[in-house]
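> Have a peek at target.cif (mmCIF, C-alpha atoms).
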```
data_input
loop_
_atom_site.label_atom_id
_atom_site.label_comp_id
_atom_site.auth_asym_id
_atom_site.auth_seq_id
_atom_site.Cartn_x
_atom_site.Cartn_y
_atom_site.Cartn_z
CA MET A 3 82.11 44.56 359.01
CA GLY A 4 84.23 43.48 361.98
CA ASP A 5 85.71 45.43 364.84
CA GLU A 6 89.42 45.74 365.52
CA ASN A 7 89.40 42.65 367.79
CA HIS A 8 87.56 40.50 365.32
CA PRO A 9 88.51 41.40 361.74
CA PRO A 10 86.34 40.12 358.90
CA ILE A 11 87.10 36.63 357.58
CA THR A 12 88.85 36.90 354.23
CA HIS A 13 90.63 33.52 354.21
CA HIS A 14 90.24 31.23 351.21
CA SER A 15 87.04 29.22 351.43
CA LEU A 16 84.59 27.33 349.28
CA PRO A 17 80.81 27.48 349.14
CA ILE A 18 79.06 25.66 351.92
CA THR A 19 77.93 22.95 349.50
CA SER A 20 81.51 21.80 349.15
CA PHE A 21 81.95 20.80 352.76
CA GLY A 22 80.01 17.62 353.00
CA SER A 23 76.71 16.11 353.99
CA GLY A 24 76.34 17.92 357.26
CA SER A 25 74.86 21.08 355.80
CA SER A 26 74.82 20.67 352.05
CA GLY A 27 72.61 17.62 351.82
CA LEU A 28 75.11 15.71 349.69
CA GLY A 29 74.84 12.29 351.26
CA ASN A 30 76.93 10.01 349.08
CA THR A 31 80.61 9.14 349.44
CA ASP A 32 81.43 9.76 345.79
CA THR A 33 80.40 13.42 346.06
CA MET A 34 82.41 13.81 349.25
CA LEU A 35 85.53 12.35 347.65
CA LEU A 36 85.06 14.50 344.54
CA ASN A 37 84.78 17.62 346.65
CA ALA A 38 87.90 16.59 348.60
CA LEU A 39 89.76 16.04 345.34
CA LEU A 40 88.72 19.48 344.02
CA LEU A 41 89.85 21.12 347.25
CA ALA A 42 93.19 19.28 347.06
CA LEU A 43 93.77 20.36 343.45
CA ARG A 44 92.89 23.96 344.32
CA GLU A 45 95.40 23.99 347.16
CA ILE A 46 98.13 22.42 345.01
CA ARG A 47 97.50 24.95 342.25
CA ARG A 48 97.63 27.80 344.75
CA ASN A 49 101.16 26.79 345.85
CA LEU A 50 102.72 25.42 342.67
CA MET A 51 106.37 25.97 343.58
CA ARG A 52 105.98 24.42 347.02
CA SER A 53 104.07 21.49 345.56
CA PHE A 54 106.81 20.94 342.95
CA LEU A 55 109.56 20.92 345.56
CA THR A 56 107.47 18.59 347.73
CA VAL A 57 107.07 15.92 345.03
CA LEU A 58 110.67 16.21 343.81
CA GLY A 59 111.83 13.51 346.22
CA ILE A 60 109.12 11.15 344.96
CA VAL A 61 110.02 11.91 341.34
CA ILE A 62 113.71 11.17 341.93
CA GLY A 63 112.96 8.02 343.93
CA VAL A 64 110.55 6.50 341.40
CA ALA A 65 112.80 7.41 338.46
CA ALA A 66 115.88 5.95 340.18
CA VAL A 67 114.20 2.66 341.11
CA ILE A 68 112.72 2.08 337.65
CA THR A 69 115.96 3.07 335.90
CA MET A 70 118.10 0.76 338.03
CA VAL A 71 115.79 -2.23 337.59
CA THR A 72 115.22 -1.67 333.85
CA LEU A 73 118.92 -1.26 333.08
CA GLY A 74 119.70 -4.28 335.24
CA ASN A 75 117.22 -6.40 333.29
CA GLY A 76 118.69 -5.15 330.03
CA ALA A 77 122.23 -6.00 331.19
CA THR A 78 121.11 -9.48 332.24
CA ARG A 79 119.52 -10.10 328.83
CA MET A 80 122.62 -8.75 327.04
CA VAL A 81 124.95 -11.07 328.98
CA SER A 82 122.71 -14.08 328.32
CA ASP A 83 122.53 -13.28 324.61
CA GLN A 84 126.29 -12.77 324.37
CA ILE A 85 127.05 -16.06 326.11
CA SER A 86 124.48 -17.87 323.95
CA SER A 87 126.06 -16.43 320.82
CA LEU A 88 129.32 -18.21 321.66
CA GLY A 89 127.73 -21.52 320.79
CA SER A 90 124.90 -23.95 321.38
CA ASN A 91 125.39 -26.13 324.48
CA LEU A 92 129.08 -25.24 324.38
CA LEU A 93 131.95 -26.44 326.59
CA LEU A 94 135.45 -24.94 326.55
CA LEU A 95 138.44 -27.16 327.40
CA ARG A 96 141.78 -25.46 328.08
CA PRO A 97 145.07 -26.38 329.77
CA GLY A 98 145.65 -25.09 333.30
CA GLN A 99 143.44 -25.07 336.39
CA GLN A 100 141.78 -21.69 335.90
CA LEU A 101 140.64 -19.45 333.06
CA GLY A 102 141.15 -15.81 332.24
CA PRO A 103 144.10 -13.46 332.76
CA GLY A 104 146.89 -15.02 334.82
CA ARG A 105 145.59 -18.55 334.37
CA ASP A 106 148.14 -21.11 335.51
CA SER A 107 148.64 -22.81 332.14
CA ALA A 108 152.44 -22.58 332.43
CA GLY A 109 153.75 -26.13 332.55
CA ALA A 110 150.35 -27.62 331.72
CA MET A 111 150.43 -29.86 328.67
CA ASN A 112 148.62 -28.53 325.60
CA PHE A 113 146.22 -30.66 323.58
CA ARG A 114 147.01 -32.52 320.36
CA SER A 115 144.96 -33.63 317.36
CA ALA A 116 144.75 -37.12 318.87
CA ASP A 117 142.81 -35.65 321.82
CA VAL A 118 140.29 -34.19 319.39
CA GLU A 119 139.80 -37.57 317.70
CA ALA A 120 139.49 -39.36 321.05
CA LEU A 121 136.80 -36.96 322.26
CA GLN A 122 134.87 -37.19 319.00
CA ASN A 123 135.03 -40.99 318.86
CA GLN A 124 134.61 -41.97 322.53
CA ILE A 125 132.08 -39.46 323.93
CA THR A 126 128.71 -40.05 322.27
CA ALA A 127 127.18 -36.90 323.80
CA ILE A 128 129.50 -34.70 321.71
CA ASN A 129 128.18 -33.20 318.50
CA ALA A 130 131.39 -31.48 317.33
CA VAL A 131 134.89 -30.75 318.61
CA ALA A 132 136.76 -27.73 317.24
CA PRO A 133 140.48 -27.35 318.07
CA VAL A 134 141.46 -23.67 318.19
CA VAL A 135 144.90 -22.07 317.90
CA GLY A 136 144.86 -18.28 317.91
CA SER A 137 147.22 -15.34 317.50
CA ARG A 138 146.77 -11.60 316.93
CA ILE A 139 148.40 -10.58 313.65
CA THR A 140 148.43 -7.51 311.42
CA LEU A 141 146.60 -8.18 308.16
CA VAL A 142 147.23 -6.31 304.90
CA ALA A 143 144.95 -6.08 301.86
CA GLY A 144 144.70 -3.48 299.09
CA GLY A 145 146.79 -0.89 300.90
CA GLN A 146 144.79 -1.28 304.13
CA ASN A 147 146.01 -2.95 307.30
CA TRP A 148 144.19 -4.17 310.39
CA SER A 149 145.25 -6.10 313.50
CA SER A 150 142.93 -9.03 314.14
CA VAL A 151 142.76 -12.46 315.77
CA VAL A 152 143.72 -15.27 313.40
CA ASN A 153 142.31 -18.63 314.53
CA GLY A 154 143.27 -21.98 313.14
CA SER A 155 140.54 -24.62 313.37
CA THR A 156 138.40 -27.09 311.43
CA ASN A 157 134.87 -26.97 310.04
CA GLY A 158 133.74 -28.07 313.50
CA TYR A 159 134.36 -24.44 314.50
CA PHE A 160 131.24 -23.35 312.61
CA ILE A 161 129.10 -25.91 314.47
CA ALA A 162 130.57 -25.46 317.94
CA GLY A 163 130.69 -21.68 317.69
CA ASN A 164 127.18 -21.39 316.24
CA TRP A 165 128.48 -19.57 313.15
CA HIS A 166 126.81 -19.33 309.77
CA LEU A 167 128.27 -18.07 306.51
CA ALA A 168 126.93 -14.85 305.03
CA ALA A 169 128.77 -15.55 301.77
CA GLY A 170 131.21 -18.04 300.28
CA ARG A 171 131.95 -21.52 301.67
CA ASP A 172 133.77 -23.36 304.44
CA PHE A 173 136.99 -25.43 304.13
CA SER A 174 137.15 -28.50 301.92
CA ASP A 175 138.64 -31.74 303.26
CA GLU A 176 141.62 -31.31 300.96
CA GLU A 177 142.27 -27.76 302.25
CA GLU A 178 142.17 -28.96 305.86
CA ARG A 179 144.48 -31.94 305.23
CA ALA A 180 147.01 -30.01 303.17
CA GLY A 181 146.90 -26.81 305.22
CA LYS A 182 146.06 -24.61 302.24
CA ALA A 183 146.36 -20.82 302.51
CA VAL A 184 142.63 -20.04 302.53
CA CYS A 185 140.57 -18.13 305.11
CA VAL A 186 137.08 -17.15 306.23
CA ILE A 187 136.85 -13.63 307.68
CA GLY A 188 134.50 -11.83 310.07
CA ASN A 189 132.44 -8.77 309.19
CA THR A 190 134.69 -6.32 311.08
CA VAL A 191 137.75 -7.51 309.13
CA ARG A 192 135.79 -7.18 305.88
CA LYS A 193 134.84 -3.55 306.70
CA GLN A 194 138.37 -2.57 307.67
CA LEU A 195 140.17 -4.18 304.73
CA PHE A 196 137.63 -4.22 301.89
CA GLY A 197 135.01 -1.63 302.80
CA ALA A 198 131.63 -2.40 301.29
CA ARG A 199 132.86 -4.61 298.46
CA THR A 200 132.62 -8.40 298.47
CA PRO A 201 135.82 -10.00 299.83
CA ILE A 202 135.31 -13.46 298.28
CA GLY A 203 138.25 -14.31 296.05
CA GLU A 204 140.39 -11.44 297.38
CA ALA A 205 143.81 -12.02 298.98
CA ILE A 206 144.96 -11.07 302.48
CA ARG A 207 148.60 -10.98 303.45
CA VAL A 208 149.29 -12.64 306.80
CA LYS A 209 152.89 -12.37 307.96
CA ASN A 210 154.97 -13.58 304.99
CA PHE A 211 152.28 -15.44 303.06
CA SER A 212 149.06 -14.61 301.25
CA CYS A 213 145.73 -16.38 301.77
CA GLU A 214 142.59 -16.38 299.66
CA VAL A 215 139.28 -15.31 301.21
CA ILE A 216 136.77 -18.09 300.54
CA GLY A 217 134.00 -17.14 303.00
CA LEU A 218 132.43 -14.35 305.07
CA LEU A 219 131.05 -15.07 308.54
CA GLY A 220 127.61 -13.83 309.51
CA SER A 221 127.74 -10.92 311.95
CA LYS A 222 127.39 -11.62 315.70
CA GLY A 223 128.39 -8.24 317.17
CA GLN A 224 129.76 -7.72 320.65
CA GLY A 225 130.42 -10.84 322.67
CA ALA A 226 131.17 -11.70 326.28
CA MET A 227 133.67 -9.46 328.11
CA GLY A 228 133.07 -6.74 325.48
CA MET A 229 135.05 -8.41 322.69
CA ASP A 230 134.07 -8.00 319.04
CA GLN A 231 133.19 -11.49 317.79
CA ASP A 232 133.31 -10.31 314.16
CA ASP A 233 136.97 -9.27 314.42
CA VAL A 234 138.33 -12.70 313.48
CA VAL A 235 140.01 -14.58 310.62
CA LEU A 236 139.61 -18.36 310.44
CA MET A 237 142.12 -20.61 308.68
CA PRO A 238 142.60 -24.39 308.53
CA LEU A 239 144.29 -25.68 311.70
CA ARG A 240 147.33 -27.07 309.89
CA THR A 241 147.89 -23.79 308.04
CA VAL A 242 148.18 -21.86 311.30
CA GLN A 243 150.28 -24.55 313.00
CA ARG A 244 152.74 -24.75 310.12
CA ARG A 245 152.96 -21.10 309.02
CA ILE A 246 152.23 -19.07 312.20
CA THR A 247 152.76 -20.97 315.48
CA GLY A 248 155.39 -23.43 314.21
CA ASN A 249 154.19 -26.29 316.45
CA LEU A 250 151.34 -28.82 316.79
CA ASP A 251 150.04 -27.55 320.15
CA ILE A 252 146.32 -26.81 320.52
CA SER A 253 145.41 -24.24 323.17
CA THR A 254 141.60 -24.57 323.23
CA LEU A 255 139.00 -27.20 322.41
CA MET A 256 135.46 -25.99 321.72
CA ILE A 257 133.07 -28.88 322.41
CA SER A 258 129.46 -28.71 321.26
CA LEU A 259 127.08 -31.21 322.91
CA ARG A 260 124.14 -32.78 321.15
CA GLU A 261 120.72 -31.20 321.64
CA GLY A 262 118.91 -32.43 324.74
CA VAL A 263 122.10 -33.83 326.33
CA SER A 264 122.69 -32.92 329.97
CA ALA A 265 126.00 -31.11 330.40
CA ALA A 266 126.96 -32.56 333.82
CA PRO A 267 127.34 -36.26 332.81
CA ALA A 268 129.08 -35.31 329.55
CA MET A 269 131.54 -33.10 331.44
CA GLU A 270 132.34 -35.97 333.82
CA GLN A 271 133.02 -38.31 330.88
CA ILE A 272 135.30 -35.71 329.31
CA ARG A 273 137.21 -35.28 332.58
CA LEU A 274 137.74 -39.02 332.93
CA LEU A 275 138.96 -39.28 329.34
CA MET A 276 141.35 -36.34 329.79
CA HIS A 277 142.68 -37.89 333.02
CA GLU A 278 143.42 -41.05 331.11
CA ARG A 279 145.02 -39.33 328.10
CA ARG A 280 147.09 -36.94 330.22
CA LYS A 281 148.13 -39.81 332.55
CA LEU A 282 146.77 -38.27 335.73
CA GLY A 283 146.17 -40.42 338.81
CA GLU A 284 142.86 -40.51 340.64
CA SER A 285 144.27 -38.36 343.47
CA GLU A 286 145.98 -35.85 341.16
CA GLU A 287 144.35 -32.51 340.39
CA ASP A 288 143.21 -31.66 336.87
CA ASN A 289 145.81 -29.83 334.79
CA PHE A 290 143.03 -28.68 332.48
CA ASN A 291 139.87 -26.63 332.87
CA LEU A 292 136.44 -27.56 331.50
CA MET A 293 133.92 -24.72 331.45
CA ASP A 294 130.21 -24.79 330.62
CA THR A 295 129.19 -21.48 329.02
CA LYS A 296 125.61 -21.89 330.30
CA GLN A 297 126.90 -21.95 333.88
CA ILE A 298 128.92 -18.81 333.18
CA ALA A 299 125.78 -17.11 331.85
CA GLU A 300 123.80 -18.12 334.95
CA ILE A 301 126.52 -16.90 337.32
CA LEU A 302 126.90 -13.56 335.56
CA SER A 303 123.13 -13.07 335.31
CA GLY A 304 122.70 -13.91 339.00
CA THR A 305 125.41 -11.42 339.95
CA ILE A 306 123.81 -8.67 337.85
CA ARG A 307 120.38 -9.39 339.36
CA THR A 308 121.82 -9.16 342.88
CA MET A 309 123.51 -5.84 342.11
CA THR A 310 120.30 -4.56 340.51
CA SER A 311 118.31 -5.45 343.64
CA LEU A 312 120.84 -3.68 345.87
CA LEU A 313 120.88 -0.56 343.71
CA GLY A 314 117.07 -0.59 343.53
CA ALA A 315 116.86 -0.83 347.33
CA VAL A 316 119.25 2.11 347.73
CA ALA A 317 117.22 4.14 345.23
CA ALA A 318 114.01 3.26 347.11
CA VAL A 319 115.36 5.08 350.17
CA SER A 320 114.82 8.36 348.33
CA LEU A 321 111.12 7.46 348.15
CA LEU A 322 111.00 7.39 351.94
CA VAL A 323 112.82 10.72 352.03
CA GLY A 324 110.24 12.10 349.61
CA GLY A 325 107.45 10.77 351.83
CA ILE A 326 108.92 12.53 354.85
CA GLY A 327 109.01 15.73 352.79
CA ILE A 328 105.32 15.33 351.97
CA MET A 329 104.47 14.81 355.65
CA ASN A 330 106.46 17.89 356.62
CA ILE A 331 104.75 20.11 354.05
CA MET A 332 101.32 18.77 354.94
CA LEU A 333 101.92 19.54 358.63
CA VAL A 334 102.93 23.07 357.65
CA SER A 335 99.81 23.31 355.47
CA VAL A 336 97.56 22.26 358.36
CA THR A 337 99.13 24.92 360.56
CA GLU A 338 98.72 27.60 357.88
CA ARG A 339 95.11 26.65 357.23
CA THR A 340 93.98 26.15 360.82
CA ARG A 341 91.49 29.04 360.65
CA GLU A 342 90.11 27.78 357.33
CA ILE A 343 89.63 24.30 358.83
CA GLY A 344 87.83 25.85 361.80
CA ILE A 345 85.42 27.70 359.50
CA ARG A 346 84.62 24.49 357.61
CA LEU A 347 84.01 22.54 360.77
CA ALA A 348 81.87 25.37 362.15
CA ILE A 349 79.57 25.51 359.11
CA GLY A 350 78.92 21.76 359.04
CA ALA A 351 81.85 19.85 357.58
CA LEU A 352 82.45 16.55 359.35
CA ALA A 353 85.81 15.52 360.80
CA HIS A 354 86.24 12.61 358.40
CA GLU A 355 85.61 14.95 355.45
CA VAL A 356 88.46 17.19 356.59
CA LEU A 357 90.64 14.09 357.04
CA TRP A 358 89.85 12.92 353.50
CA GLN A 359 90.60 16.37 352.09
CA PHE A 360 94.16 16.43 353.44
CA LEU A 361 94.77 12.74 352.84
CA ILE A 362 93.72 13.03 349.19
CA GLU A 363 95.91 16.11 348.82
CA ALA A 364 98.93 14.10 349.99
CA VAL A 365 98.06 11.16 347.71
CA VAL A 366 97.59 13.44 344.70
CA LEU A 367 101.01 14.98 345.30
CA SER A 368 102.77 11.61 345.61
CA ALA A 369 100.85 9.99 342.71
CA PHE A 370 101.68 12.94 340.45
CA GLY A 371 105.32 12.59 341.47
CA GLY A 372 105.11 8.89 340.62
CA LEU A 373 103.78 9.60 337.12
CA VAL A 374 106.48 12.18 336.42
CA GLY A 375 109.11 9.75 337.76
CA ILE A 376 107.89 7.00 335.42
CA ALA A 377 108.08 9.36 332.43
CA LEU A 378 111.62 10.48 333.34
CA ALA A 379 112.73 6.88 333.95
CA THR A 380 111.39 5.75 330.57
CA LEU A 381 113.31 8.49 328.77
CA ALA A 382 116.47 7.81 330.80
CA CYS A 383 116.31 4.05 330.20
CA TRP A 384 115.71 4.50 326.49
CA GLY A 385 118.66 6.87 326.15
CA LEU A 386 121.07 4.89 328.35
CA SER A 387 120.15 1.59 326.66
CA ALA A 388 121.02 3.07 323.28
CA LEU A 389 124.22 4.59 324.67
CA LEU A 390 125.36 1.36 326.33
CA ASN A 391 124.21 -0.78 323.38
CA MET A 392 121.96 -2.97 325.51
CA PRO A 393 118.31 -3.99 324.98
CA PHE A 394 115.61 -1.71 326.38
CA LEU A 395 113.17 -3.97 328.22
CA PHE A 396 110.05 -2.12 329.35
CA ASN A 397 108.83 -3.78 332.54
CA ALA A 398 105.20 -2.90 333.18
CA GLY A 399 105.31 -4.67 336.55
CA ILE A 400 108.05 -2.52 338.05
CA ASN A 401 106.41 0.65 336.68
CA LEU A 402 103.07 -0.22 338.27
CA LEU A 403 104.79 -1.26 341.49
CA ALA A 404 106.73 2.01 341.69
CA PHE A 405 103.57 4.04 341.02
CA GLY A 406 101.61 2.07 343.62
CA PHE A 407 104.42 2.50 346.11
CA SER A 408 104.52 6.25 345.51
CA ALA A 409 100.75 6.51 346.09
CA GLY A 410 101.14 4.38 349.22
CA ILE A 411 103.81 6.81 350.45
CA GLY A 412 101.18 9.56 350.18
CA VAL A 413 98.74 7.56 352.29
CA LEU A 414 101.37 6.59 354.85
CA PHE A 415 102.91 10.01 355.37
CA GLY A 416 99.77 12.03 354.70
CA TYR A 417 97.62 10.31 357.30
CA MET A 418 99.13 11.95 360.39
CA PRO A 419 98.75 15.55 359.12
CA ALA A 420 95.23 14.73 357.88
CA ARG A 421 94.28 13.23 361.26
CA ARG A 422 95.68 16.27 363.02
CA ALA A 423 93.53 18.55 360.84
CA ALA A 424 90.40 16.46 361.48
CA LYS A 425 90.90 16.60 365.29
CA LEU A 426 91.09 20.38 365.45
CA ASP A 427 88.54 21.99 367.75
CA PRO A 428 86.43 24.45 365.66
CA ILE A 429 86.39 27.13 368.35
CA GLU A 430 90.14 26.95 368.96
CA ALA A 431 90.75 26.87 365.21
CA LEU A 432 88.66 30.02 364.68
CA ARG A 433 90.73 31.84 367.29
CA HIS A 434 93.96 30.91 365.47
CA GLU A 435 95.77 33.91 363.98
#
```
Can you give me the file's structure in the form of structure tokens?

Amino acid sequence: MGDENHPPITHHSLPITSFGSGSSGLGNTDTMLLNALLLALREIRRNLMRSFLTVLGIVIGVAAVITMVTLGNGATRMVSDQISSLGSNLLLLRPGQQLGPGRDSAGAMNFRSADVEALQNQITAINAVAPVVGSRITLVAGGQNWSSVVNGSTNGYFIAGNWHLAAGRDFSDEEERAGKAVCVIGNTVRKQLFGARTPIGEAIRVKNFSCEVIGLLGSKGQGAMGMDQDDVVLMPLRTVQRRITGNLDISTLMISLREGVSAAPAMEQIRLLMHERRKLGESEEDNFNLMDTKQIAEILSGTIRTMTSLLGAVAAVSLLVGGIGIMNIMLVSVTERTREIGIRLAIGALAHEVLWQFLIEAVVLSAFGGLVGIALATLACWGLSALLNMPFLFNAGINLLAFGFSAGIGVLFGYMPARRAAKLDPIEALRHE
């Protein structure tokens, strides 16, 4: 019983044996750390809502970092795969000095069939050259219609574009020379016009003529810049030139290099040949553009990696914010439990045992937040990857790094409150109300 000046001690406490080697006789470090862990778990369980709010910053930070990095890696892989699907060791040659929307091809001379022959015959590094003339046209078949890209080319298109046939055949030499009305269609065109049935032998109406479907391209799916690579119809070059464009101009040359050939020397040879054929002087600028798809893939992948790093760094700031929240709550906890700490020190607990108790409590909070953050990030990445149609690449390294960083946050921001608790004077602590 206590008097009115000194009320009885009813604060939360553990048996004396839990406080360390000073009075309990437990002399090994493992027992001390186990006791500190049990005390930390008891305190966390006693204040569940406060503990949840404390680790929320860590959860959000870890989840954000892992999500950003994982999605960035998936986007990088998707871009690389899409560029690779365009062709093997592929170069694109087009008129004008730049590519894409607004390219300055106006006034630049288009290519002719003689340029294709010159490239094939004079550059030994070239495996195949495919001239391409394209136009978007509405197709009609069996009461269905669909607007698609109709490309005129040669059988070199299948080699340069890394295409294989899922059914049917490619063009015969006679069909290419005579410009016969035959075509090979992509899988998207097949679905829109013929549904699930086989299109081989069917007829498609293109403008004012009808062409026979002789082949079906294997599916490639989405390509670079979000285009559907399967939404295409391929006809012999002369068929398109004679019946659709009405001229002999060629807007694009797809050039496939031989395996093992370095792109840089081959590109220089092609430039010199084009200078000669287009009668350009040594000091004159190119009026054509030669692009290596591998370089495009590297540039795009590098840009995505840079953006991923920046977004990951921004997300990591929330981890620091979460660490500051842990430090704040731990300081409040030390203040609330000053009398309890004084009792423990008075009955034999050592200062370093009190320090370990609070430090482990901070680390447990941050580590638990890290585990929850990893679980949330995994679910988010899986769902977003499916939604954005990109590969889900689980990166064990970034998950372990984020977890280790979250635990380190607990050590970093939990040390000062733990040190403050360990330095309390037992007598002053017992007087604390």
> Enumerate, as a PyMOL selection string, the residues matched when the PyMOL selection byres ((chain A and resi 57) around 12) is run on the file above.
chain A and resi 46+50-56+58-64+320-332+363-375+408-409+411-412
> Which residue is closest to Ala379 in chain A? Choose from A:Asn401, A:Ser258, A:Ser335, A:Asn391 and count all atoms listed in the file.
A:Asn401
> I'd like the contact shell of Gly170 in chain A - 12 Å cut-off, all atoms listed in the file, skipping same-chain residues fewer than 2 positions apart - returned as a list of chain:residue names.
A:His166, A:Leu167, A:Ala168, A:Asp172, A:Phe173, A:Val184, A:Cys185, A:Val186, A:Ile187, A:Thr200, A:Pro201, A:Ile202, A:Gly203, A:Glu204, A:Glu214, A:Val215, A:Ile216, A:Gly217, A:Leu218, A:Leu219, A:Gly220
> Write the residues of the selection above to a file with C-alpha atoms, as a short mmCIF file (atom, residue, chain, number, x, y, z; two decimals), keeping the file's coordinate frame.

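Result file is selection_13.cif:
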```
data_model
loop_
_atom_site.label_atom_id
_atom_site.label_comp_id
_atom_site.auth_asym_id
_atom_site.auth_seq_id
_atom_site.Cartn_x
_atom_site.Cartn_y
_atom_site.Cartn_z
CA HIS A 166 126.81 -19.33 309.77
CA LEU A 167 128.27 -18.07 306.51
CA ALA A 168 126.93 -14.85 305.03
CA ASP A 172 133.77 -23.36 304.44
CA PHE A 173 136.99 -25.43 304.13
CA VAL A 184 142.63 -20.04 302.53
CA CYS A 185 140.57 -18.13 305.11
CA VAL A 186 137.08 -17.15 306.23
CA ILE A 187 136.85 -13.63 307.68
CA THR A 200 132.62 -8.40 298.47
CA PRO A 201 135.82 -10.00 299.83
CA ILE A 202 135.31 -13.46 298.28
CA GLY A 203 138.25 -14.31 296.05
CA GLU A 204 140.39 -11.44 297.38
CA GLU A 214 142.59 -16.38 299.66
CA VAL A 215 139.28 -15.31 301.21
CA ILE A 216 136.77 -18.09 300.54
CA GLY A 217 134.00 -17.14 303.00
CA LEU A 218 132.43 -14.35 305.07
CA LEU A 219 131.05 -15.07 308.54
CA GLY A 220 127.61 -13.83 309.51
#
```
> Taking into account all atoms listed in the file, which residue in the set A:Ala120, A:Leu35, A:Thr254, A:Ile246 is nearest to Glu278 in chain A?
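With all atoms listed in the file as the atom set, the closest residue is A:Ala120.
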> Select all residues near (117.0, 1.4, 339.3) (cut-off 10 Å, inclusive, file coordinates), counting only C-alpha atoms, and output them as a ChimeraX atom specification.
/A:63-75,310-318,379,383,400
> Neighbours of Ala143 in chain A within 10 Å (only C-alpha atoms; same-chain residues fewer than 6 positions away dropped), as a list in words?
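Result of the neighbour search: Gln194, Leu195, Phe196, Glu204, Ala205, Ile206, Arg207, Val208 and Ser212 of chain A.
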> The selected residues should be written to file as a PDB file, keeping the file's coordinate frame (atoms: C-alpha atoms).

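Writing the result to again-v5.pdb gives the following:
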```
ATOM      1  CA  GLN A 194     138.370  -2.570 307.670  1.00  0.00           C
ATOM      2  CA  LEU A 195     140.170  -4.180 304.730  1.00  0.00           C
ATOM      3  CA  PHE A 196     137.630  -4.220 301.890  1.00  0.00           C
ATOM      4  CA  GLU A 204     140.390 -11.440 297.380  1.00  0.00           C
ATOM      5  CA  ALA A 205     143.810 -12.020 298.980  1.00  0.00           C
ATOM      6  CA  ILE A 206     144.960 -11.070 302.480  1.00  0.00           C
ATOM      7  CA  ARG A 207     148.600 -10.980 303.450  1.00  0.00           C
ATOM      8  CA  VAL A 208     149.290 -12.640 306.800  1.00  0.00           C
ATOM      9  CA  SER A 212     149.060 -14.610 301.250  1.00  0.00           C
TER      10      SER A 212
END
```
> Could you expand the PyMOL selection byres ((chain A and resi 153) around 9) into the explicit residues it covers here, written as a PDB file with C-alpha atoms, in the frame of the given file?

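Heads up, here's the output in result-v9.pdb:
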```pdb
ATOM      1  CA  VAL A 134     141.460 -23.670 318.190  1.00  0.00           C
ATOM      2  CA  VAL A 135     144.900 -22.070 317.900  1.00  0.00           C
ATOM      3  CA  GLY A 136     144.860 -18.280 317.910  1.00  0.00           C
ATOM      4  CA  SER A 137     147.220 -15.340 317.500  1.00  0.00           C
ATOM      5  CA  ARG A 138     146.770 -11.600 316.930  1.00  0.00           C
ATOM      6  CA  VAL A 151     142.760 -12.460 315.770  1.00  0.00           C
ATOM      7  CA  VAL A 152     143.720 -15.270 313.400  1.00  0.00           C
ATOM      8  CA  GLY A 154     143.270 -21.980 313.140  1.00  0.00           C
ATOM      9  CA  SER A 155     140.540 -24.620 313.370  1.00  0.00           C
ATOM     10  CA  VAL A 234     138.330 -12.700 313.480  1.00  0.00           C
ATOM     11  CA  VAL A 235     140.010 -14.580 310.620  1.00  0.00           C
ATOM     12  CA  LEU A 236     139.610 -18.360 310.440  1.00  0.00           C
ATOM     13  CA  MET A 237     142.120 -20.610 308.680  1.00  0.00           C
ATOM     14  CA  PRO A 238     142.600 -24.390 308.530  1.00  0.00           C
ATOM     15  CA  LEU A 239     144.290 -25.680 311.700  1.00  0.00           C
ATOM     16  CA  VAL A 242     148.180 -21.860 311.300  1.00  0.00           C
TER      17      VAL A 242
END
```
> For a test of reading the model, state the distance in Å between CA of Thr380 in chain A and CA of Val413 in chain A, rounded to one decimal.
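CA of Thr380 in chain A sits 25.2 Å away from CA of Val413 in chain A.
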> I'd like to see the residues matched by the PyMOL selection byres ((chain A and resi 78) around 10) on this file, and ideally I'd get them as a ChimeraX atom specification.
/A:72-77,79-84,299-300,302-307,310,392-393
> May I ask for the distance between CA of Glu177 in chain A and CA of Asp230 in chain A, given in Å to one decimal place?
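For CA of Glu177 in chain A relative to CA of Asp230 in chain A, the distance reads 27.2 Å.
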> Enclose all atoms of range 183-197 of chain A listed in the file in an axis-aligned box, grow every side by 8 Å, and hand back centre and edge lengths in Å to one decimal, as lines of an AutoDock Vina configuration file.

```
center_x = 139.4
center_y = -11.2
center_z = 306.5
size_x = 29.9
size_y = 35.2
size_z = 25.2
```
> Could you please determine the separation between CA of Phe290 in chain A and CA of Gly181 in chain A in Å, to one decimal place?
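Separating CA of Phe290 in chain A from CA of Gly181 in chain A is a distance of 27.6 Å.
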> Of the candidates A:Met276, A:Asp233, A:Phe113, A:Ile125, which shows the shortest atom-to-atom distance to Lys193 in chain A, using only C-alpha atoms?
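Going through A:Met276, A:Asp233, A:Phe113, A:Ile125 one by one, the smallest distance to Lys193 in chain A is for A:Asp233.
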